[in-house]
Amino acid sequence: RLEKAYIGGGGIEATRVKVSSVRDAGVMAQLGQEISLDDSSRHDLELLANYFAIVRSMERLEKAYIGGGISDDKVYEQECQKLIPRFATLREGLPEDMQDPRTSIPTFMSKYHLTANFAANRFSIGVPATVSVGGGEDSSTPKALHVAEAVQAYITVMDSLRLNMCATDQIHPLTTDIVNALNKISVLPPDFEPRAKVKKWLQTLSAMRATDELDEDQTRQFLFDLEASHQEFVQWLHNL
């Protein structure tokens with residue numbers, strides 16, 4: 001019950017689909033039919049209903065942000081960060097062919113003659129646009145503080161990997177902290193390679209389930225890439 005409340009609550013709008021907009025023959029054939037559901041079928045339908053609602057909510061949020069309907073980046077981030085973990089939690093109960101949001105969301109939504117490309121992109125990246133792209137530096141905060149936050153974030157993730165903390169739900173938020181801290185440093189070049197290395201791993205983690213773990217080879221490679229990224233970042237600071 002707590003899991004269902006977490007997935008379905010907190011501002012998720014219910015969305016109705018007009019019968020006239022449904023083009024899938026299989027869906028049309030089921031409309032109007034009285035169906036007796038067992039517990040398993042009812043559970044599956046509840047999952048799909050929540051899936052639909054969360055995807056539609058993210059699509060609306062992304063369009064509102066792109067169109068300027070949300071002017072405050074913090075409001076956008078807060079709403080986005082509510083939906084992303086709900087989607088990740090929900091994905092645990094979905095079949096294997098619905099694990100990759102880049103392909104499963106367009107396929108699922110097309111049954112109802114709807115699109116959700118912005119939602120598919122955001123869920124596949126796994127962080128708000130202000131984190132993946134950057135929202136600029138807060139002028140009220142000294143640059144030295146942002147640099148210190150970035151260095152600390154690097155050290156935290158590297159130490160966690162050395163302690164064999166390899167589960168997605170352990171490493172993903174810590175990796176997000178690195179990218180977020182680097183994005184706050186406005187003088188970094190847009191194509192800063194150390195940041196690109198971390199963002200690549202962040203996208204890899206976002207495509208995994210919360211309970212998935214990096215294997216030994218992935219952990220060693222991630223740690224190697226983080227150490228290289230950290231060293232390049234420190235070298236860049238020395239060259240300023």
# chains A, B, ... in the order shown; residues from 1 in each chain; ligands from 1
>>> residues_around(residues="region 115-121 of chain A", least_positions_apart="5", cutoff="8 Å", atoms="only C-alpha atoms", output="PyMOL selection string")
chain A and resi 55-56+58-59+62-63+101-103+105-106+109-110
>>> residues_around(residues="region 89-99 of chain A", least_positions_apart="6", cutoff="12 Å", atoms="only C-alpha atoms", output="PyMOL selection string")
chain A and resi 2-8+43-55+82-83+105-109+120+123-124+168-169+206-212
>>> atom_distance(atom1="CA of Tyr154 (chain A)", atom2="CA of Ala129 (chain A)")
20.8 Å
>>> closest_atom_pairs(of="region 85-152 of chain A", to="region 225-239 of chain A", cutoff="12 Å", atoms="only C-alpha atoms", output="JSON lines")
{"residue": "A:Lys143", "atom": "CA", "partner": "A:Leu237", "partner_atom": "CA", "distance": 11.5}
{"residue": "A:Ala144", "atom": "CA", "partner": "A:Leu237", "partner_atom": "CA", "distance": 10.7}
{"residue": "A:Val147", "atom": "CA", "partner": "A:Leu237", "partner_atom": "CA", "distance": 8.9}
{"residue": "A:Ala148", "atom": "CA", "partner": "A:Val234", "partner_atom": "CA", "distance": 10.9}
{"residue": "A:Ala150", "atom": "CA", "partner": "A:His230", "partner_atom": "CA", "distance": 9.1}
{"residue": "A:Val151", "atom": "CA", "partner": "A:His230", "partner_atom": "CA", "distance": 7.5}
{"residue": "A:Gln152", "atom": "CA", "partner": "A:His230", "partner_atom": "CA", "distance": 10.3}
>>> write_last_selection(atoms="all heavy atoms", output="compact mmCIF listing (two decimals), in the first residue's frame")
# COMPACT_ATOMS: atom_id res chain seq x y z
N LYS A 143 32.46 30.92 -5.99
CA LYS A 143 32.92 29.85 -6.89
C LYS A 143 33.68 28.79 -6.11
O LYS A 143 33.60 27.60 -6.43
CB LYS A 143 33.80 30.43 -8.00
CG LYS A 143 33.07 31.29 -9.01
CD LYS A 143 34.01 31.75 -10.11
CE LYS A 143 33.26 32.56 -11.17
NZ LYS A 143 32.71 33.81 -10.64
N ALA A 144 34.46 29.21 -5.10
CA ALA A 144 35.25 28.25 -4.33
C ALA A 144 34.37 27.19 -3.67
O ALA A 144 34.77 26.03 -3.56
CB ALA A 144 36.07 28.98 -3.28
N VAL A 147 33.40 24.60 -6.30
CA VAL A 147 34.56 23.74 -6.58
C VAL A 147 34.73 22.72 -5.46
O VAL A 147 34.95 21.53 -5.71
CB VAL A 147 35.84 24.58 -6.74
CG1 VAL A 147 37.08 23.67 -6.78
CG2 VAL A 147 35.77 25.44 -8.00
N ALA A 148 34.60 23.17 -4.22
CA ALA A 148 34.73 22.26 -3.08
C ALA A 148 33.64 21.20 -3.10
O ALA A 148 33.90 20.02 -2.80
CB ALA A 148 34.66 23.06 -1.77
N ALA A 150 32.15 20.00 -5.77
CA ALA A 150 32.46 19.06 -6.85
C ALA A 150 33.54 18.07 -6.42
O ALA A 150 33.42 16.86 -6.65
CB ALA A 150 32.90 19.83 -8.09
N VAL A 151 34.60 18.57 -5.80
CA VAL A 151 35.69 17.70 -5.34
C VAL A 151 35.16 16.70 -4.32
O VAL A 151 35.48 15.50 -4.37
CB VAL A 151 36.83 18.55 -4.74
CG1 VAL A 151 37.86 17.64 -4.07
CG2 VAL A 151 37.50 19.38 -5.83
N GLN A 152 34.36 17.17 -3.38
CA GLN A 152 33.79 16.29 -2.36
C GLN A 152 32.89 15.23 -2.98
O GLN A 152 32.89 14.06 -2.56
CB GLN A 152 33.01 17.10 -1.33
CG GLN A 152 32.46 16.27 -0.18
CD GLN A 152 33.54 15.52 0.58
OE1 GLN A 152 34.52 16.12 1.02
NE2 GLN A 152 33.38 14.21 0.73
>>> atom_distance(atom1="CA of Thr130 (chain A)", atom2="CA of Met158 (chain A)")
23.9 Å
>>> closest_residue(among="A:Asn180, A:Thr219, A:Thr204, A:Ser40", to="Met165 (chain A)", atoms="only C-alpha atoms")
A:Thr219
>>> atom_distance(atom1="CA of Ile178 (chain A)", atom2="CA of Phe87 (chain A)")
22.3 Å
>>> select_by_dssp(residues="region 44-189 of chain A", states="helix (DSSP H, G or I)", output="PyMOL selection string")
chain A and resi 44-66+73-91+96-98+101-110+117-125+129-134+143-162+168-183
>>> closest_residue(among="A:Ala64, A:Pro128, A:Leu240, A:Asp100", to="Gln78 (chain A)", atoms="only C-alpha atoms")
A:Pro128
